[in-house]
file work-v6.cif (mmCIF, C-alpha atoms)
data_input
loop_
_atom_site.group_PDB
_atom_site.id
_atom_site.type_symbol
_atom_site.label_atom_id
_atom_site.label_comp_id
_atom_site.auth_asym_id
_atom_site.auth_seq_id
_atom_site.Cartn_x
_atom_site.Cartn_y
_atom_site.Cartn_z
ATOM 1 C CA MET A 1 9.966 29.841 -2.998
ATOM 2 C CA ARG A 2 9.534 26.045 -3.207
ATOM 3 C CA ALA A 3 5.809 26.358 -3.879
ATOM 4 C CA GLY A 4 6.330 29.007 -6.527
ATOM 5 C CA LEU A 5 8.870 26.921 -8.413
ATOM 6 C CA LEU A 6 6.653 23.839 -8.278
ATOM 7 C CA ALA A 7 3.802 26.015 -9.486
ATOM 8 C CA LEU A 8 5.821 26.976 -12.571
ATOM 9 C CA ALA A 9 6.318 23.325 -13.398
ATOM 10 C CA LEU A 10 2.635 22.584 -12.916
ATOM 11 C CA VAL A 11 1.453 25.582 -14.894
ATOM 12 C CA ALA A 12 3.584 24.454 -17.779
ATOM 13 C CA ALA A 13 2.056 20.998 -17.520
ATOM 14 C CA SER A 14 -1.564 22.179 -17.491
ATOM 15 C CA ALA A 15 -1.967 21.771 -21.244
ATOM 16 C CA HIS A 16 -0.063 18.516 -21.387
ATOM 17 C CA ALA A 17 -1.905 15.530 -22.864
ATOM 18 C CA GLN A 18 -0.962 13.142 -20.074
ATOM 19 C CA ARG A 19 -2.862 13.890 -16.884
ATOM 20 C CA MET A 20 -1.777 13.410 -13.317
ATOM 21 C CA GLN A 21 -4.052 11.011 -11.448
ATOM 22 C CA PRO A 22 -5.966 12.145 -8.372
ATOM 23 C CA GLY A 23 -4.769 10.918 -5.005
ATOM 24 C CA GLU A 24 -1.997 11.581 -2.551
ATOM 25 C CA TRP A 25 1.228 12.817 -4.144
ATOM 26 C CA GLU A 26 4.644 13.193 -2.589
ATOM 27 C CA PHE A 27 6.938 15.877 -3.987
ATOM 28 C CA VAL A 28 10.655 16.270 -3.308
ATOM 29 C CA SER A 29 12.383 19.485 -4.367
ATOM 30 C CA GLU A 30 16.033 20.409 -4.283
ATOM 31 C CA VAL A 31 17.033 24.044 -4.694
ATOM 32 C CA SER A 32 20.641 24.862 -5.519
ATOM 33 C CA VAL A 33 21.903 28.420 -5.135
ATOM 34 C CA PRO A 34 25.501 29.350 -5.975
ATOM 35 C CA SER A 35 27.860 29.265 -2.967
ATOM 36 C CA MET A 36 25.289 27.580 -0.713
ATOM 37 C CA PRO A 37 24.624 23.909 -0.002
ATOM 38 C CA PRO A 38 21.546 22.520 -1.802
ATOM 39 C CA GLN A 39 18.315 22.649 0.193
ATOM 40 C CA GLN A 40 15.920 19.714 -0.077
ATOM 41 C CA SER A 41 12.318 19.553 1.055
ATOM 42 C CA ALA A 42 9.582 16.953 0.792
ATOM 43 C CA TYR A 43 5.867 17.477 1.101
ATOM 44 C CA ARG A 44 2.619 15.672 0.317
ATOM 45 C CA SER A 45 -0.529 16.943 -1.290
ATOM 46 C CA CYS A 46 -3.895 15.284 -1.829
ATOM 47 C CA LEU A 47 -5.083 16.083 -5.357
ATOM 48 C CA SER A 48 -8.774 15.870 -6.172
ATOM 49 C CA ALA A 49 -9.888 14.737 -9.636
ATOM 50 C CA ALA A 50 -10.453 18.380 -10.624
ATOM 51 C CA GLN A 51 -7.005 19.406 -9.373
ATOM 52 C CA ALA A 52 -5.328 16.504 -11.168
ATOM 53 C CA ARG A 53 -7.023 17.548 -14.434
ATOM 54 C CA ASP A 54 -6.014 21.193 -13.957
ATOM 55 C CA PRO A 55 -2.896 21.747 -11.813
ATOM 56 C CA VAL A 56 -3.188 25.483 -12.425
ATOM 57 C CA SER A 57 -6.361 25.522 -10.306
ATOM 58 C CA TRP A 58 -4.376 24.820 -7.143
ATOM 59 C CA SER A 59 -1.010 26.315 -8.028
ATOM 60 C CA ASN A 60 -1.420 29.545 -9.951
ATOM 61 C CA GLY A 61 -2.113 31.616 -6.850
ATOM 62 C CA ARG A 62 1.573 31.188 -6.034
ATOM 63 C CA LEU A 63 2.849 32.663 -9.309
ATOM 64 C CA PRO A 64 3.821 36.320 -9.491
ATOM 65 C CA ALA A 65 0.977 38.022 -11.356
ATOM 66 C CA ASP A 66 3.287 40.109 -13.535
ATOM 67 C CA CYS A 67 5.407 37.231 -14.876
ATOM 68 C CA GLN A 68 4.915 35.802 -18.357
ATOM 69 C CA VAL A 69 5.211 32.056 -18.990
ATOM 70 C CA SER A 70 5.486 30.558 -22.481
ATOM 71 C CA GLU A 71 5.135 26.813 -23.080
ATOM 72 C CA LYS A 72 6.292 24.345 -25.724
ATOM 73 C CA LEU A 73 4.748 20.882 -25.741
ATOM 74 C CA GLY A 74 6.743 17.856 -26.830
ATOM 75 C CA PRO A 75 6.165 14.118 -26.752
ATOM 76 C CA GLY A 76 5.794 13.225 -23.069
ATOM 77 C CA SER A 77 7.213 16.540 -21.897
ATOM 78 C CA VAL A 78 6.727 20.269 -21.758
ATOM 79 C CA SER A 79 9.297 23.054 -21.639
ATOM 80 C CA TRP A 80 8.760 26.666 -20.677
ATOM 81 C CA GLU A 81 10.372 30.043 -20.266
ATOM 82 C CA ILE A 82 9.506 32.643 -17.664
ATOM 83 C CA SER A 83 10.107 36.382 -17.833
ATOM 84 C CA CYS A 84 9.238 38.899 -15.124
ATOM 85 C CA PRO A 85 9.391 42.710 -15.188
ATOM 86 C CA SER A 86 11.714 42.526 -12.179
ATOM 87 C CA GLY A 87 14.363 41.036 -14.502
ATOM 88 C CA THR A 88 13.929 37.479 -13.271
ATOM 89 C CA ARG A 89 14.256 35.000 -16.127
ATOM 90 C CA GLY A 90 14.172 31.233 -16.283
ATOM 91 C CA ALA A 91 13.650 28.115 -18.334
ATOM 92 C CA GLY A 92 12.562 24.631 -17.420
ATOM 93 C CA LYS A 93 11.414 21.258 -18.606
ATOM 94 C CA ALA A 94 9.029 18.744 -17.057
ATOM 95 C CA ARG A 95 7.995 15.182 -17.763
ATOM 96 C CA PHE A 96 4.629 13.903 -16.568
ATOM 97 C CA SER A 97 2.756 10.641 -16.464
ATOM 98 C CA ALA A 98 -0.294 9.459 -14.562
ATOM 99 C CA ASN A 99 1.718 8.542 -11.465
ATOM 100 C CA SER A 100 4.961 10.516 -11.602
ATOM 101 C CA MET A 101 6.482 13.819 -12.592
ATOM 102 C CA SER A 102 9.927 15.372 -12.708
ATOM 103 C CA SER A 103 11.057 18.867 -13.560
ATOM 104 C CA GLU A 104 14.156 21.006 -13.683
ATOM 105 C CA LEU A 105 14.051 24.791 -13.607
ATOM 106 C CA HIS A 106 17.008 27.134 -14.172
ATOM 107 C CA MET A 107 16.440 30.705 -12.960
ATOM 108 C CA SER A 108 18.555 33.828 -13.275
ATOM 109 C CA GLY A 109 21.230 34.100 -10.610
ATOM 110 C CA GLY A 110 22.206 30.457 -11.058
ATOM 111 C CA ILE A 111 19.266 29.058 -9.078
ATOM 112 C CA VAL A 112 18.371 25.499 -10.096
ATOM 113 C CA THR A 113 15.332 23.656 -8.774
ATOM 114 C CA LYS A 114 14.784 19.963 -9.398
ATOM 115 C CA THR A 115 11.439 18.482 -8.381
ATOM 116 C CA ARG A 116 10.129 14.963 -8.600
ATOM 117 C CA GLY A 117 6.756 13.674 -7.553
ATOM 118 C CA ASN A 118 5.047 10.329 -7.253
ATOM 119 C CA ARG A 119 1.482 9.347 -6.591
ATOM 120 C CA VAL A 120 1.587 7.310 -3.395
ATOM 121 C CA GLY A 121 -2.022 6.136 -3.341
ATOM 122 C CA PRO A 122 -5.529 7.321 -2.616
ATOM 123 C CA CYS A 123 -6.062 10.334 -0.411
ATOM 124 C CA LYS A 124 -6.397 9.488 3.256
ATOM 125 C CA PRO A 125 -9.781 10.246 4.812
#
call {"tool": "encode", "arguments": {"input": "work-v6.cif", "output": "structure tokens"}}
result
Amino acid sequence: MRAGLLALALVAASAHAQRMQPGEWEFVSEVSVPSMPPQQSAYRSCLSAAQARDPVSWSNGRLPADCQVSEKLGPGSVSWEISCPSGTRGAGKARFSANSMSSELHMSGGIVTKTRGNRVGPCKP
């Protein structure tokens, strides 16, 4: 679930003018579901130059194939809506720079995912 929601944020950012820089990134996600305590997870990923230029290349395998995502670019941000044949719907917004990102995604059923990421340095050998 965490990877899929991050993937939505990254897919929406793929056309964004500001590019993430290659290197090691740390992501922290918090998922809130009604009547449950929020769940937080942190993970790191080493992004190559190609992956940093095109986040879809390493994230779109996690998206449901039958879901539609529409994007709207704005200054320093991107927003999107998702619609799936299963009835799942959602909307989100992300802000990206070379060394940081943040996103918030609201899905049907009251699920809210907030993700932030920071480049922590070069990839470790």
call {"tool": "residues_around", "arguments": {"input": "work-v6.cif", "residues": "A:Gln40", "least_positions_apart": "5", "cutoff": "8 Å", "atoms": "only C-alpha atoms", "output": "list in words"}}
result
Val28, Ser29, Glu30 and Val31 of chain A
call {"tool": "axis_aligned_box", "arguments": {"input": "work-v6.cif", "around": "stretch 107-110 of chain A", "padding_each_side": "8 Å", "output": "JSON"}}
result
{"center_x": 19.3, "center_y": 32.3, "center_z": -11.9, "size_x": 21.8, "size_y": 19.6, "size_z": 18.7}
call {"tool": "resolve_selection", "arguments": {"input": "work-v6.cif", "expression": "the PyMOL selection byres ((chain A and resi 94) around 6)", "output": "PyMOL selection string"}}
result
chain A and resi 77-78+93+95+102-103
call {"tool": "residues_around", "arguments": {"input": "work-v6.cif", "residues": "A:Pro122", "least_positions_apart": "6", "cutoff": "8 Å", "atoms": "all atoms listed in the file", "output": "list in words"}}
result
Pro22, Gly23 and Glu24 of chain A
call {"tool": "atom_distance", "arguments": {"input": "work-v6.cif", "atom1": "atom CA of A:Ser45", "atom2": "atom CA of A:Met20"}}
result
12.6 Å
call {"tool": "atom_distance", "arguments": {"input": "work-v6.cif", "atom1": "atom CA of A:Gly87", "atom2": "atom CA of A:Gln68"}}
result
11.5 Å
call {"tool": "residues_near_point", "arguments": {"input": "work-v6.cif", "point": "(9.0, 10.0, -5.0)", "cutoff": "9 Å", "atoms": "all atoms listed in the file", "output": "list in words"}}
result
Trp25, Glu26, Phe27, Val28, Ser100, Met101, Arg116, Gly117, Asn118, Arg119 and Val120 of chain A
call {"tool": "write_last_selection", "arguments": {"input": "work-v6.cif", "atoms": "C-alpha atoms", "output": "CSV table (one decimal), keeping the file's coordinate frame"}}
result
chain,number,residue,atom,x,y,z
A,25,TRP,CA,1.2,12.8,-4.1
A,26,GLU,CA,4.6,13.2,-2.6
A,27,PHE,CA,6.9,15.9,-4.0
A,28,VAL,CA,10.7,16.3,-3.3
A,100,SER,CA,5.0,10.5,-11.6
A,101,MET,CA,6.5,13.8,-12.6
A,116,ARG,CA,10.1,15.0,-8.6
A,117,GLY,CA,6.8,13.7,-7.6
A,118,ASN,CA,5.0,10.3,-7.3
A,119,ARG,CA,1.5,9.3,-6.6
A,120,VAL,CA,1.6,7.3,-3.4
call {"tool": "atom_distance", "arguments": {"input": "work-v6.cif", "atom1": "atom CA of A:Gly90", "atom2": "atom CA of A:Gln39"}}
result
19.0 Å
call {"tool": "closest_residue", "arguments": {"input": "work-v6.cif", "among": "A:Ala52, A:Trp80, A:Pro37, A:Thr88", "to": "A:Asp66", "atoms": "only C-alpha atoms"}}
result
A:Thr88
call {"tool": "resolve_selection", "arguments": {"input": "work-v6.cif", "expression": "the PyMOL selection byres ((chain A and resi 35) around 12)", "output": "NGL selection string"}}
result
:A and (32-34 or 36-38 or 109-111)
call {"tool": "closest_residue", "arguments": {"input": "work-v6.cif", "among": "A:Thr113, A:Phe96, A:Lys124, A:Ile82", "to": "A:Cys67", "atoms": "only C-alpha atoms"}}
result
A:Ile82
call {"tool": "closest_residue", "arguments": {"input": "work-v6.cif", "among": "A:Ser79, A:Ser70, A:Arg53, A:Pro125", "to": "A:His106", "atoms": "all atoms listed in the file"}}
result
A:Ser79
call {"tool": "closest_residue", "arguments": {"input": "work-v6.cif", "among": "A:Gln21, A:Pro85, A:Ala91, A:Cys123", "to": "A:Ala49", "atoms": "all atoms listed in the file"}}
result
A:Gln21
call {"tool": "decode", "arguments": {"input": "work-v6.cif", "residues": "stretch 76-115 of chain A", "atoms": "N, CA and C atoms", "output": "PDB file, in the first residue's frame"}}
result
ATOM      1  N   GLY A  76       5.729  25.031  -9.120  1.00  0.00           N
ATOM      2  CA  GLY A  76       6.373  24.318  -8.021  1.00  0.00           C
ATOM      3  C   GLY A  76       5.569  23.179  -7.448  1.00  0.00           C
ATOM      4  N   SER A  77       4.486  22.777  -8.119  1.00  0.00           N
ATOM      5  CA  SER A  77       3.669  21.698  -7.574  1.00  0.00           C
ATOM      6  C   SER A  77       2.935  20.981  -8.695  1.00  0.00           C
ATOM      7  N   VAL A  78       2.347  19.880  -8.348  1.00  0.00           N
ATOM      8  CA  VAL A  78       1.501  19.129  -9.266  1.00  0.00           C
ATOM      9  C   VAL A  78       0.355  18.542  -8.447  1.00  0.00           C
ATOM     10  N   SER A  79      -0.829  18.539  -9.020  1.00  0.00           N
ATOM     11  CA  SER A  79      -1.967  17.895  -8.359  1.00  0.00           C
ATOM     12  C   SER A  79      -2.498  16.832  -9.306  1.00  0.00           C
ATOM     13  N   TRP A  80      -3.209  15.863  -8.763  1.00  0.00           N
ATOM     14  CA  TRP A  80      -3.714  14.779  -9.585  1.00  0.00           C
ATOM     15  C   TRP A  80      -4.976  14.196  -8.981  1.00  0.00           C
ATOM     16  N   GLU A  81      -5.701  13.490  -9.853  1.00  0.00           N
ATOM     17  CA  GLU A  81      -6.867  12.728  -9.445  1.00  0.00           C
ATOM     18  C   GLU A  81      -6.699  11.316  -9.971  1.00  0.00           C
ATOM     19  N   ILE A  82      -7.168  10.358  -9.205  1.00  0.00           N
ATOM     20  CA  ILE A  82      -7.106   8.961  -9.611  1.00  0.00           C
ATOM     21  C   ILE A  82      -8.512   8.384  -9.593  1.00  0.00           C
ATOM     22  N   SER A  83      -8.791   7.528 -10.576  1.00  0.00           N
ATOM     23  CA  SER A  83     -10.082   6.871 -10.678  1.00  0.00           C
ATOM     24  C   SER A  83      -9.847   5.444 -11.157  1.00  0.00           C
ATOM     25  N   CYS A  84     -10.397   4.488 -10.419  1.00  0.00           N
ATOM     26  CA  CYS A  84     -10.222   3.075 -10.755  1.00  0.00           C
ATOM     27  C   CYS A  84     -11.586   2.429 -10.987  1.00  0.00           C
ATOM     28  N   PRO A  85     -11.663   1.453 -11.878  1.00  0.00           N
ATOM     29  CA  PRO A  85     -12.925   0.756 -12.121  1.00  0.00           C
ATOM     30  C   PRO A  85     -13.507   0.105 -10.856  1.00  0.00           C
ATOM     31  N   SER A  86     -12.669  -0.188  -9.903  1.00  0.00           N
ATOM     32  CA  SER A  86     -13.143  -0.800  -8.654  1.00  0.00           C
ATOM     33  C   SER A  86     -13.968   0.174  -7.818  1.00  0.00           C
ATOM     34  N   GLY A  87     -13.968   1.469  -8.204  1.00  0.00           N
ATOM     35  CA  GLY A  87     -14.679   2.484  -7.439  1.00  0.00           C
ATOM     36  C   GLY A  87     -13.757   3.316  -6.574  1.00  0.00           C
ATOM     37  N   THR A  88     -12.499   2.938  -6.489  1.00  0.00           N
ATOM     38  CA  THR A  88     -11.534   3.715  -5.723  1.00  0.00           C
ATOM     39  C   THR A  88     -11.300   5.054  -6.413  1.00  0.00           C
ATOM     40  N   ARG A  89     -11.358   6.113  -5.638  1.00  0.00           N
ATOM     41  CA  ARG A  89     -11.132   7.466  -6.142  1.00  0.00           C
ATOM     42  C   ARG A  89     -10.173   8.183  -5.202  1.00  0.00           C
ATOM     43  N   GLY A  90      -9.479   9.175  -5.721  1.00  0.00           N
ATOM     44  CA  GLY A  90      -8.585   9.938  -4.865  1.00  0.00           C
ATOM     45  C   GLY A  90      -8.107  11.191  -5.536  1.00  0.00           C
ATOM     46  N   ALA A  91      -7.491  12.052  -4.724  1.00  0.00           N
ATOM     47  CA  ALA A  91      -6.911  13.295  -5.217  1.00  0.00           C
ATOM     48  C   ALA A  91      -5.722  13.632  -4.340  1.00  0.00           C
ATOM     49  N   GLY A  92      -4.709  14.216  -4.954  1.00  0.00           N
ATOM     50  CA  GLY A  92      -3.519  14.558  -4.189  1.00  0.00           C
ATOM     51  C   GLY A  92      -2.792  15.748  -4.762  1.00  0.00           C
ATOM     52  N   LYS A  93      -1.798  16.174  -4.001  1.00  0.00           N
ATOM     53  CA  LYS A  93      -0.953  17.289  -4.422  1.00  0.00           C
ATOM     54  C   LYS A  93       0.456  17.012  -3.925  1.00  0.00           C
ATOM     55  N   ALA A  94       1.440  17.352  -4.731  1.00  0.00           N
ATOM     56  CA  ALA A  94       2.841  17.164  -4.360  1.00  0.00           C
ATOM     57  C   ALA A  94       3.638  18.410  -4.708  1.00  0.00           C
ATOM     58  N   ARG A  95       4.677  18.616  -3.918  1.00  0.00           N
ATOM     59  CA  ARG A  95       5.644  19.686  -4.169  1.00  0.00           C
ATOM     60  C   ARG A  95       7.012  19.023  -4.251  1.00  0.00           C
ATOM     61  N   PHE A  96       7.780  19.421  -5.273  1.00  0.00           N
ATOM     62  CA  PHE A  96       9.088  18.811  -5.496  1.00  0.00           C
ATOM     63  C   PHE A  96      10.151  19.861  -5.705  1.00  0.00           C
ATOM     64  N   SER A  97      11.344  19.553  -5.261  1.00  0.00           N
ATOM     65  CA  SER A  97      12.522  20.346  -5.584  1.00  0.00           C
ATOM     66  C   SER A  97      13.650  19.348  -5.822  1.00  0.00           C
ATOM     67  N   ALA A  98      14.830  19.837  -6.051  1.00  0.00           N
ATOM     68  CA  ALA A  98      15.966  18.962  -6.319  1.00  0.00           C
ATOM     69  C   ALA A  98      16.264  18.022  -5.154  1.00  0.00           C
ATOM     70  N   ASN A  99      16.058  18.503  -3.921  1.00  0.00           N
ATOM     71  CA  ASN A  99      16.475  17.730  -2.755  1.00  0.00           C
ATOM     72  C   ASN A  99      15.373  17.390  -1.771  1.00  0.00           C
ATOM     73  N   SER A 100      14.123  17.695  -2.106  1.00  0.00           N
ATOM     74  CA  SER A 100      13.034  17.355  -1.189  1.00  0.00           C
ATOM     75  C   SER A 100      11.727  17.195  -1.947  1.00  0.00           C
ATOM     76  N   MET A 101      10.799  16.510  -1.321  1.00  0.00           N
ATOM     77  CA  MET A 101       9.463  16.366  -1.873  1.00  0.00           C
ATOM     78  C   MET A 101       8.494  16.200  -0.716  1.00  0.00           C
ATOM     79  N   SER A 102       7.250  16.566  -0.941  1.00  0.00           N
ATOM     80  CA  SER A 102       6.187  16.290   0.013  1.00  0.00           C
ATOM     81  C   SER A 102       4.909  16.095  -0.777  1.00  0.00           C
ATOM     82  N   SER A 103       4.048  15.227  -0.275  1.00  0.00           N
ATOM     83  CA  SER A 103       2.785  14.984  -0.954  1.00  0.00           C
ATOM     84  C   SER A 103       1.714  14.637   0.065  1.00  0.00           C
ATOM     85  N   GLU A 104       0.474  14.854  -0.353  1.00  0.00           N
ATOM     86  CA  GLU A 104      -0.672  14.461   0.451  1.00  0.00           C
ATOM     87  C   GLU A 104      -1.708  13.887  -0.506  1.00  0.00           C
ATOM     88  N   LEU A 105      -2.203  12.718  -0.171  1.00  0.00           N
ATOM     89  CA  LEU A 105      -3.141  11.994  -1.016  1.00  0.00           C
ATOM     90  C   LEU A 105      -4.365  11.628  -0.190  1.00  0.00           C
ATOM     91  N   HIS A 106      -5.543  11.972  -0.690  1.00  0.00           N
ATOM     92  CA  HIS A 106      -6.811  11.636  -0.041  1.00  0.00           C
ATOM     93  C   HIS A 106      -7.527  10.619  -0.924  1.00  0.00           C
ATOM     94  N   MET A 107      -7.762   9.424  -0.385  1.00  0.00           N
ATOM     95  CA  MET A 107      -8.417   8.353  -1.133  1.00  0.00           C
ATOM     96  C   MET A 107      -9.816   8.104  -0.572  1.00  0.00           C
ATOM     97  N   SER A 108     -10.650   7.460  -1.397  1.00  0.00           N
ATOM     98  CA  SER A 108     -11.989   7.118  -0.933  1.00  0.00           C
ATOM     99  C   SER A 108     -11.877   6.263   0.325  1.00  0.00           C
ATOM    100  N   GLY A 109     -12.893   6.334   1.153  1.00  0.00           N
ATOM    101  CA  GLY A 109     -12.867   5.613   2.427  1.00  0.00           C
ATOM    102  C   GLY A 109     -12.195   6.397   3.536  1.00  0.00           C
ATOM    103  N   GLY A 110     -11.807   7.646   3.255  1.00  0.00           N
ATOM    104  CA  GLY A 110     -11.185   8.473   4.275  1.00  0.00           C
ATOM    105  C   GLY A 110      -9.712   8.198   4.514  1.00  0.00           C
ATOM    106  N   ILE A 111      -9.058   7.493   3.605  1.00  0.00           N
ATOM    107  CA  ILE A 111      -7.634   7.194   3.747  1.00  0.00           C
ATOM    108  C   ILE A 111      -6.812   8.405   3.302  1.00  0.00           C
ATOM    109  N   VAL A 112      -5.906   8.838   4.168  1.00  0.00           N
ATOM    110  CA  VAL A 112      -5.038   9.978   3.864  1.00  0.00           C
ATOM    111  C   VAL A 112      -3.591   9.527   4.025  1.00  0.00           C
ATOM    112  N   THR A 113      -2.799   9.768   3.007  1.00  0.00           N
ATOM    113  CA  THR A 113      -1.371   9.442   3.062  1.00  0.00           C
ATOM    114  C   THR A 113      -0.561  10.708   2.868  1.00  0.00           C
ATOM    115  N   LYS A 114       0.321  10.976   3.799  1.00  0.00           N
ATOM    116  CA  LYS A 114       1.244  12.102   3.707  1.00  0.00           C
ATOM    117  C   LYS A 114       2.648  11.524   3.594  1.00  0.00           C
ATOM    118  N   THR A 115       3.383  11.979   2.598  1.00  0.00           N
ATOM    119  CA  THR A 115       4.745  11.490   2.372  1.00  0.00           C
ATOM    120  C   THR A 115       5.677  12.681   2.248  1.00  0.00           C
TER     121      THR A 115
END
